[in-house]
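Visitor: Sharing data_23.txt below, compact mmCIF, C-alpha atoms and all ligand atoms:
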```txt
# COMPACT_ATOMS: atom_id res chain seq x y z
CA MET A 20 -7.03 -16.21 -14.17
CA SER A 21 -4.69 -15.33 -17.01
CA GLY A 22 -3.03 -12.22 -18.35
CA PRO A 23 -0.29 -9.99 -16.99
CA ARG A 24 0.08 -9.56 -13.27
CA VAL A 25 0.06 -6.59 -10.94
CA MET A 26 2.76 -6.79 -8.27
CA SER A 27 2.93 -4.95 -4.94
CA VAL A 28 6.36 -4.80 -3.27
CA GLY A 29 6.74 -3.97 0.43
CA LEU A 30 5.67 -5.07 3.87
CA ALA A 31 3.56 -7.99 5.10
CA CYS A 32 3.04 -8.10 8.85
CA VAL A 33 0.63 -9.50 11.42
CA ASP A 34 -1.94 -7.01 12.70
CA ILE A 35 -3.14 -7.91 16.18
CA VAL A 36 -6.37 -5.96 16.49
CA SER A 37 -8.26 -5.13 19.69
CA VAL A 38 -11.64 -3.50 19.13
CA CYS A 39 -12.32 -1.18 22.09
CA LYS A 40 -15.56 0.36 23.28
CA ASN A 41 -13.68 3.62 23.81
CA TYR A 42 -10.14 4.67 23.09
CA PRO A 43 -8.27 3.66 26.27
CA GLU A 44 -6.81 6.03 28.82
CA GLU A 45 -3.16 5.58 29.66
CA ASP A 46 -2.60 3.06 32.47
CA SER A 47 -6.26 1.96 32.44
CA ASP A 48 -7.75 -1.54 32.17
CA GLN A 49 -10.73 -2.43 29.95
CA ARG A 50 -12.23 -5.55 28.44
CA VAL A 51 -12.24 -5.29 24.64
CA LEU A 52 -15.23 -6.01 22.39
CA ASP A 53 -13.29 -8.15 19.97
CA PHE A 54 -9.78 -9.39 19.24
CA TYR A 55 -8.33 -10.94 16.08
CA TRP A 56 -5.24 -11.39 13.95
CA GLN A 57 -5.19 -10.35 10.32
CA LYS A 58 -2.62 -9.85 7.62
CA GLY A 59 -1.35 -6.28 7.42
CA GLY A 60 1.33 -4.16 5.80
CA ASN A 61 0.64 -1.66 3.03
CA ALA A 62 1.83 -3.78 0.10
CA ALA A 63 0.18 -6.91 1.51
CA ASN A 64 -3.13 -5.08 1.92
CA THR A 65 -2.89 -3.47 -1.51
CA SER A 66 -2.15 -6.80 -3.21
CA SER A 67 -5.12 -8.44 -1.45
CA VAL A 68 -7.56 -5.71 -2.48
CA LEU A 69 -6.26 -5.89 -6.06
CA SER A 70 -7.04 -9.59 -6.07
CA LEU A 71 -10.52 -9.06 -4.60
CA LEU A 72 -11.23 -6.56 -7.37
CA GLY A 73 -10.29 -9.13 -10.00
CA ALA A 74 -6.62 -8.42 -10.79
CA ARG A 75 -4.05 -11.18 -11.16
CA SER A 76 -2.18 -10.05 -8.10
CA GLU A 77 1.22 -10.86 -6.63
CA TYR A 78 2.89 -9.72 -3.44
CA MET A 79 6.68 -9.50 -3.15
CA GLY A 80 8.40 -9.04 0.18
CA ASN A 81 10.44 -10.97 2.68
CA PHE A 82 9.23 -13.55 5.17
CA ALA A 83 10.77 -14.74 8.42
CA ASN A 84 10.64 -18.45 9.16
CA ASP A 85 8.20 -18.40 12.08
CA ASN A 86 4.56 -19.19 12.89
CA GLU A 87 3.46 -15.69 11.93
CA MET A 88 4.90 -16.26 8.44
CA ARG A 89 2.77 -19.40 8.08
CA PHE A 90 -0.30 -17.40 9.08
CA LEU A 91 0.57 -14.74 6.47
CA LYS A 92 1.24 -17.24 3.67
CA GLU A 93 -2.08 -19.01 4.25
CA ASP A 94 -3.85 -15.70 4.23
CA PHE A 95 -2.26 -14.63 0.93
CA GLU A 96 -3.33 -17.97 -0.50
CA SER A 97 -6.90 -17.49 0.67
CA PHE A 98 -6.97 -14.17 -1.19
CA GLY A 99 -5.55 -15.76 -4.35
CA VAL A 100 -2.43 -13.56 -4.14
CA SER A 101 0.77 -15.17 -5.41
CA THR A 102 3.89 -15.00 -3.22
CA ALA A 103 6.08 -16.78 -5.77
CA HIS A 104 8.97 -14.29 -5.57
CA CYS A 105 9.02 -13.82 -1.80
CA ARG A 106 12.21 -14.80 -0.02
CA THR A 107 12.13 -16.53 3.35
CA TYR A 108 14.93 -15.64 5.77
CA ASP A 109 15.73 -18.63 7.92
CA THR A 110 16.56 -18.65 11.61
CA GLY A 111 16.75 -15.60 13.86
CA TYR A 112 14.42 -13.33 11.88
CA ILE A 113 11.10 -12.13 13.23
CA THR A 114 7.90 -11.28 11.33
CA PRO A 115 6.98 -7.60 11.82
CA THR A 116 3.88 -7.10 13.96
CA SER A 117 1.46 -4.27 14.68
CA ILE A 118 -0.71 -3.93 17.74
CA ILE A 119 -3.82 -2.08 16.59
CA ILE A 120 -6.26 -0.30 18.89
CA MET A 121 -9.52 0.03 17.00
CA ASN A 122 -12.06 2.46 18.42
CA SER A 123 -15.55 1.07 17.79
CA GLN A 124 -17.08 4.55 18.20
CA ASN A 125 -15.52 5.95 15.02
CA GLY A 126 -13.43 3.20 13.41
CA SER A 127 -10.16 5.00 14.16
CA ARG A 128 -7.09 2.80 14.24
CA THR A 129 -4.04 3.44 16.36
CA ILE A 130 -1.03 1.48 15.16
CA LEU A 131 1.92 0.38 17.29
CA HIS A 132 4.28 -1.18 14.78
CA ALA A 133 7.29 -3.38 15.55
CA SER A 134 9.77 -4.26 12.84
CA LYS A 135 12.78 -5.93 14.38
CA ASN A 136 15.24 -7.39 11.93
CA LEU A 137 13.63 -8.58 8.70
CA PRO A 138 15.60 -7.18 5.71
CA GLU A 139 13.98 -5.27 2.86
CA VAL A 140 13.75 -6.60 -0.71
CA THR A 141 16.93 -5.95 -2.73
CA LEU A 142 17.55 -5.46 -6.44
CA GLU A 143 19.25 -8.86 -6.46
CA ASP A 144 16.01 -10.51 -5.24
CA PHE A 145 13.98 -8.45 -7.68
CA LYS A 146 16.08 -9.49 -10.69
CA ALA A 147 14.45 -12.95 -10.44
CA VAL A 148 11.17 -11.36 -11.58
CA ASP A 149 10.55 -11.75 -15.30
CA LEU A 150 9.18 -8.30 -16.07
CA LYS A 151 7.45 -9.38 -19.25
CA ASN A 152 4.76 -11.06 -17.12
CA TYR A 153 3.72 -7.83 -15.38
CA LYS A 154 1.67 -4.85 -16.43
CA TRP A 155 2.12 -2.84 -13.22
CA ILE A 156 4.54 -2.91 -10.30
CA HIS A 157 3.72 -0.88 -7.20
CA PHE A 158 6.29 -0.13 -4.49
CA GLU A 159 5.54 0.82 -0.92
CA GLY A 160 8.14 3.44 0.06
CA ARG A 161 10.04 1.49 2.68
CA PRO A 162 12.85 2.67 4.97
CA CYS A 163 16.42 2.19 3.88
CA PHE A 164 18.45 0.79 6.74
CA ASN A 165 19.81 -2.63 5.85
CA THR A 166 21.70 -1.72 2.69
CA PRO A 167 24.07 1.14 1.80
CA THR A 168 22.02 1.85 -1.36
CA TYR A 169 18.32 2.59 -1.64
CA GLU A 170 17.10 -0.65 -3.21
CA ILE A 171 13.68 0.72 -4.29
CA VAL A 172 15.45 3.34 -6.42
CA ARG A 173 17.55 0.59 -7.98
CA MET A 174 14.52 -1.63 -8.66
CA LEU A 175 12.66 1.25 -10.33
CA ALA A 176 15.74 2.02 -12.44
CA HIS A 177 15.88 -1.65 -13.43
CA ILE A 178 12.27 -1.45 -14.68
CA ASP A 179 13.02 1.82 -16.54
CA GLU A 180 15.91 0.12 -18.28
CA TYR A 181 13.68 -2.82 -19.25
CA ASN A 182 10.99 -0.44 -20.55
CA GLN A 183 13.40 1.61 -22.66
CA SER A 184 13.24 -0.45 -25.83
CA LEU A 185 9.53 -1.31 -25.58
CA SER A 186 6.42 0.33 -26.94
CA GLU A 187 4.15 2.01 -24.41
CA SER A 188 1.64 -0.85 -24.36
CA GLU A 189 4.40 -3.38 -23.63
CA GLN A 190 5.99 -1.36 -20.84
CA VAL A 191 5.56 -2.12 -17.15
CA GLN A 192 3.82 0.78 -15.42
CA THR A 193 5.27 1.77 -12.05
CA SER A 194 3.86 3.41 -8.96
CA VAL A 195 5.28 4.27 -5.59
CA GLU A 196 3.70 5.21 -2.27
CA LEU A 197 5.19 7.90 -0.04
CA GLU A 198 3.35 7.60 3.25
CA LYS A 199 5.44 7.89 6.38
CA PRO A 200 6.84 11.36 7.12
CA ALA A 201 9.59 9.96 9.33
CA ARG A 202 11.40 8.58 6.28
CA PRO A 203 13.38 11.37 4.56
CA GLU A 204 14.74 8.87 2.02
CA LEU A 205 11.26 8.68 0.45
CA ASP A 206 11.88 12.05 -1.22
CA GLN A 207 14.31 10.27 -3.54
CA LEU A 208 11.40 8.28 -4.99
CA LEU A 209 9.39 11.27 -6.20
CA ASP A 210 10.86 11.32 -9.69
CA LYS A 211 11.33 7.58 -10.14
CA ALA A 212 7.87 6.24 -11.04
CA ASN A 213 4.96 6.91 -13.40
CA TYR A 214 2.41 7.31 -10.60
CA VAL A 215 3.27 8.71 -7.18
CA PHE A 216 0.89 8.26 -4.24
CA VAL A 217 1.56 10.77 -1.44
CA SER A 218 -0.30 10.52 1.87
CA LYS A 219 -1.96 13.28 3.86
CA GLU A 220 0.50 12.74 6.71
CA TYR A 221 3.51 12.94 4.40
CA SER A 222 2.16 16.12 2.80
CA GLN A 223 1.24 17.81 6.07
CA ASN A 224 4.72 17.15 7.34
CA LYS A 225 6.00 19.27 4.44
CA GLY A 226 3.64 22.13 5.31
CA LEU A 227 1.02 21.28 2.65
CA ASN A 228 -2.45 21.74 4.06
CA SER A 229 -4.83 20.26 1.50
CA LYS A 230 -4.88 17.54 -1.14
CA GLU A 231 -4.82 20.19 -3.88
CA GLU A 232 -1.79 21.97 -2.39
CA ALA A 233 -0.07 18.61 -2.03
CA VAL A 234 -0.45 17.39 -5.61
CA ASN A 235 0.40 20.83 -7.01
CA ALA A 236 3.61 20.92 -5.00
CA PHE A 237 4.75 17.35 -5.57
CA VAL A 238 4.07 17.18 -9.31
CA LYS A 239 6.87 19.73 -9.80
CA ARG A 240 9.31 17.23 -8.36
CA CYS A 241 8.10 14.27 -10.44
CA ARG A 242 9.46 13.13 -13.73
CA LYS A 243 8.06 14.03 -17.11
CA GLY A 244 4.81 12.26 -17.85
CA ALA A 245 4.16 11.23 -14.24
CA SER A 246 0.99 11.78 -12.19
CA VAL A 247 0.66 12.48 -8.46
CA ILE A 248 -2.25 11.15 -6.40
CA CYS A 249 -3.12 12.14 -2.84
CA ALA A 250 -5.84 10.69 -0.56
CA TRP A 251 -6.94 12.99 2.25
CA GLY A 252 -9.16 10.93 4.61
CA GLU A 253 -12.68 12.33 4.80
CA ASP A 254 -11.77 14.96 2.23
CA GLY A 255 -11.49 12.37 -0.56
CA ALA A 256 -8.59 12.55 -2.97
CA ALA A 257 -6.90 14.67 -5.63
CA ALA A 258 -4.60 13.93 -8.54
CA ILE A 259 -2.69 15.89 -11.10
CA ASP A 260 -1.13 14.78 -14.33
CA CYS A 261 1.98 16.02 -16.05
CA GLU A 262 0.01 18.61 -18.01
CA GLY A 263 -1.08 20.13 -14.74
CA GLN A 264 -4.70 19.05 -14.97
CA LEU A 265 -6.03 18.79 -11.43
CA VAL A 266 -8.86 16.35 -10.65
CA THR A 267 -10.56 15.65 -7.33
CA SER A 268 -12.98 13.19 -5.78
CA LEU A 269 -15.23 13.46 -2.76
CA CYS A 270 -15.12 10.70 -0.18
CA PHE A 271 -17.97 8.18 -0.05
CA PRO A 272 -18.73 7.63 3.62
CA PRO A 273 -20.32 4.34 4.67
CA GLU A 274 -23.53 4.32 6.72
CA LYS A 275 -21.49 3.64 9.83
CA LEU A 276 -17.75 3.98 10.18
CA CYS A 277 -16.49 0.64 11.41
CA ASP A 278 -12.80 0.13 10.62
CA THR A 279 -10.51 2.60 8.84
CA LEU A 280 -7.44 0.32 9.04
CA ALA A 281 -5.92 0.02 5.53
CA ALA A 282 -8.27 2.61 3.97
CA GLY A 283 -5.25 4.18 2.24
CA ASP A 284 -3.95 0.81 0.99
CA THR A 285 -7.43 0.05 -0.36
CA PHE A 286 -7.60 3.44 -2.09
CA ASN A 287 -4.22 2.79 -3.73
CA ALA A 288 -5.27 -0.70 -4.88
CA ALA A 289 -8.59 0.42 -6.33
CA THR A 290 -7.01 3.41 -8.09
CA ILE A 291 -4.27 1.22 -9.58
CA PHE A 292 -6.85 -1.39 -10.60
CA ALA A 293 -8.88 1.25 -12.45
CA LEU A 294 -5.75 2.67 -14.13
CA THR A 295 -4.70 -0.80 -15.34
CA LYS A 296 -8.08 -0.97 -17.08
CA GLY A 297 -7.35 2.28 -18.93
CA THR A 298 -9.67 4.39 -16.77
CA LYS A 299 -9.01 8.15 -16.76
CA LEU A 300 -7.19 9.54 -13.73
CA CYS A 301 -10.29 11.42 -12.56
CA ASP A 302 -12.51 8.32 -12.63
CA ALA A 303 -9.74 6.15 -11.20
CA ILE A 304 -9.46 8.22 -8.00
CA THR A 305 -13.25 8.34 -7.70
CA PHE A 306 -13.30 4.55 -7.90
CA GLY A 307 -10.48 4.52 -5.31
CA CYS A 308 -12.56 6.66 -2.94
CA LYS A 309 -15.68 4.53 -3.46
CA VAL A 310 -13.90 1.28 -2.66
CA ALA A 311 -12.00 2.85 0.29
CA GLY A 312 -15.25 4.33 1.63
CA ALA A 313 -16.93 0.91 1.43
CA LYS A 314 -13.95 -0.61 3.25
CA CYS A 315 -14.38 1.87 6.15
CA GLY A 316 -17.89 0.47 6.69
CA MET A 317 -16.74 -3.14 7.18
CA GLN A 318 -14.32 -5.09 9.34
CA GLY A 319 -11.22 -5.95 7.33
CA ILE A 320 -11.29 -6.14 3.54
CA ARG A 321 -12.83 -9.48 2.59
CA GLY A 322 -16.29 -7.98 2.15
CA LEU A 323 -14.96 -5.90 -0.77
CA LYS A 324 -15.38 -8.98 -2.95
CA ASN A 325 -19.11 -8.47 -3.03
CA ILE A 326 -19.51 -4.70 -2.94
CA ASN A 327 -22.01 -3.05 -5.16
CA LEU A 328 -20.70 0.38 -6.16
CA THR A 329 -23.40 2.51 -7.65
P1 LIG A 401 -4.80 6.09 5.51
O1 LIG A 401 -4.84 6.97 6.72
O2 LIG A 401 -5.28 4.69 5.74
O3 LIG A 401 -3.50 6.14 4.77
P2 LIG A 401 -6.64 8.03 4.32
O4 LIG A 401 -7.18 8.47 5.65
O5 LIG A 401 -5.89 9.05 3.55
O6 LIG A 401 -5.84 6.65 4.44
O7 LIG A 401 -7.90 7.56 3.44
C1 LIG A 401 -7.78 6.96 2.18
C2 LIG A 401 -9.12 7.02 1.51
O8 LIG A 401 -10.06 6.28 2.29
C3 LIG A 401 -9.70 8.43 1.41
O9 LIG A 401 -9.34 9.04 0.19
C4 LIG A 401 -11.20 8.18 1.47
O10 LIG A 401 -11.70 7.91 0.18
C5 LIG A 401 -11.31 6.92 2.32
N1 LIG A 401 -11.62 7.30 3.71
C6 LIG A 401 -10.78 7.48 4.74
N2 LIG A 401 -11.42 7.85 5.86
C7 LIG A 401 -12.73 7.88 5.52
C8 LIG A 401 -13.95 8.19 6.20
N3 LIG A 401 -13.93 8.54 7.49
N4 LIG A 401 -15.09 8.11 5.51
C9 LIG A 401 -15.12 7.73 4.20
N5 LIG A 401 -14.03 7.46 3.50
C10 LIG A 401 -12.85 7.53 4.14
C1 LIG A 402 -2.23 -0.15 7.34
C2 LIG A 402 -0.98 -0.90 7.70
C3 LIG A 402 -1.25 -1.99 8.72
C4 LIG A 402 0.12 -2.20 9.32
C5 LIG A 402 0.69 -0.79 9.30
C6 LIG A 402 2.18 -0.74 9.04
O1 LIG A 402 -1.97 0.79 6.35
O2 LIG A 402 -0.37 -1.48 6.55
O3 LIG A 402 -1.83 -3.16 8.18
O4 LIG A 402 0.09 -2.71 10.60
O5 LIG A 402 -0.01 -0.06 8.32
O6 LIG A 402 2.66 0.56 9.10
```
How does this structure look as structure tokens?

Guide:
Amino acid sequence: MSGPRVMSVGLACVDIVSVCKNYPEEDSDQRVLDFYWQKGGNAANTSSVLSLLGARSEYMGNFANDNEMRFLKEDFESFGVSTAHCRTYDTGYITPTSIIIMNSQNGSRTILHASKNLPEVTLEDFKAVDLKNYKWIHFEGRPCFNTPTYEIVRMLAHIDEYNQSLSESEQVQTSVELEKPARPELDQLLDKANYVFVSKEYSQNKGLNSKEEAVNAFVKRCRKGASVICAWGEDGAAAIDCEGQLVTSLCFPPEKLCDTLAAGDTFNAATIFALTKGTKLCDAITFGCKVAGAKCGMQGIRGLKNINLT
């Protein structure tokens, strides 16, 4: 594959999934229907879906030097996702892990995430990336606890500086995802990228009760020319551009809900993929909902390689 790359910066972790007949009661004991490991983390999932859709995809994040890291690296390779700019922290660091309880009745996923000591990507790491090789760089809004400065803000500013002297077609497009409400620092990212993905949970935490309310509120805090995109589970998605034009998409439910883990990451990937192809915002979020809906009907994401979206 040739041409400029799409990079996703953020978390890669191991998801340890137990598929349960019913959601368990506290202090109960049940035999699960299935159990498996898979690669997780928003940026890792997004980069994998981008590759499945046909993008030249790269993931950037940090690895620990443990067995879980070897599992993750092999998995990235099997998806054709480059990890060329990832840094491996040597001894004493632990790969983040999530225990996932998957309810086979409705595909709901309950996530118990553990992130112990692996540092976040810094601007210094990011400076090794030659921006001329990229058409789009997506950042997962990560917490800011290992550095006194918010490194995602600095990396986005670094891209802005690079873009300054270039024509629009040569510039690197940027997007950022604001998902977890427990991270107040994410607010700082609202006006730092060209496309801002806000989650339902993040919006509800700010008292916004629908996808339309969310995009209308957040676009006011974005920078000139930016667009805001918001996925809202079974209610599909909405987006608004800088001119205030609101667009929406229904969701596309699968025949049977199987696994909703990473539906949001899949939506982000498919929407970004469509936008990199020059698709209009309205059609891009519809494509995002179609691919995310298809994902909810299958275990994991590999089956997205062969989906037929009509
Ligand atoms: P997450 O909780 O993984 O961040 P969301 O619940 O916001 O993600 O869903 C992202 C997208 O996935 C939605 O816009 C929708 O298109 C699709 N989706 C999510 N849940 C369902 C569902 N139950 N049926 C069909 N599509 C869904
Ligand atoms: C899904 C996901 C999982 C991971 C968790 C981290 O969106 O990325 O793969 O365990 O969220 O919060």

Visitor: Quick one: residues within 12 Å of Ser134 in chain A, only C-alpha atoms counted, chain neighbours fewer than 4 positions away excluded, as a PyMOL selection string?

Guide: chain A and resi 30-33+60+83+112-118+138-139+161-162+164

Visitor: CA of Asn325 in chain A and CA of Lys58 in chain A are how many Å apart?

Guide: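 Atom-to-atom, CA of Asn325 in chain A to CA of Lys58 in chain A, that is 19.7 Å.
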
Visitor: Please provide the set of residues having any atom within 6 Å of range 196-209 of chain A, restricted to all atoms listed in the file, with same-chain residues fewer than 2 positions apart removed, written as a VMD selection string.

Guide: chain A and resid 159 to 160 211 216 to 218 221 241

Visitor: I need the residues from that last selection saved to file as a CSV table (one decimal), keeping the file's coordinate frame (with C-alpha atoms), if you can.

Guide:
```csv
chain,number,residue,atom,x,y,z
A,159,GLU,CA,5.5,0.8,-0.9
A,160,GLY,CA,8.1,3.4,0.1
A,211,LYS,CA,11.3,7.6,-10.1
A,216,PHE,CA,0.9,8.3,-4.2
A,217,VAL,CA,1.6,10.8,-1.4
A,218,SER,CA,-0.3,10.5,1.9
A,221,TYR,CA,3.5,12.9,4.4
A,241,CYS,CA,8.1,14.3,-10.4
```

Visitor: For a test of reading the model, state the distance in Å between atom N4 of ligand LIG 401 (chain A) and CA of Gly252 in chain A, rounded to one decimal.

Guide: 6.6 Å

Visitor: Compile the contact shell of range 169-179 of chain A as a PDB file with C-alpha atoms, in the coordinates of the input: residues with an atom at most 7 Å away, counting all atoms listed in the file, same-chain residues fewer than 5 positions apart removed.

Guide:
```pdb
ATOM      1  CA  THR A 141      16.930  -5.950  -2.730  1.00  0.00           C
ATOM      2  CA  LEU A 142      17.550  -5.460  -6.440  1.00  0.00           C
ATOM      3  CA  PHE A 145      13.980  -8.450  -7.680  1.00  0.00           C
ATOM      4  CA  CYS A 163      16.420   2.190   3.880  1.00  0.00           C
ATOM      5  CA  LEU A 208      11.400   8.280  -4.990  1.00  0.00           C
ATOM      6  CA  LYS A 211      11.330   7.580 -10.140  1.00  0.00           C
ATOM      7  CA  ALA A 212       7.870   6.240 -11.040  1.00  0.00           C
TER       8      ALA A 212
END
```

Visitor: Can you tell me which residues surround Lys299 in chain A at a distance of at most 12 Å, considering all atoms listed in the file, apart from same-chain residues fewer than 2 positions away, and format the answer as a ChimeraX atom specification?

Guide: /A:246,258-260,264,266,290-297,301-306
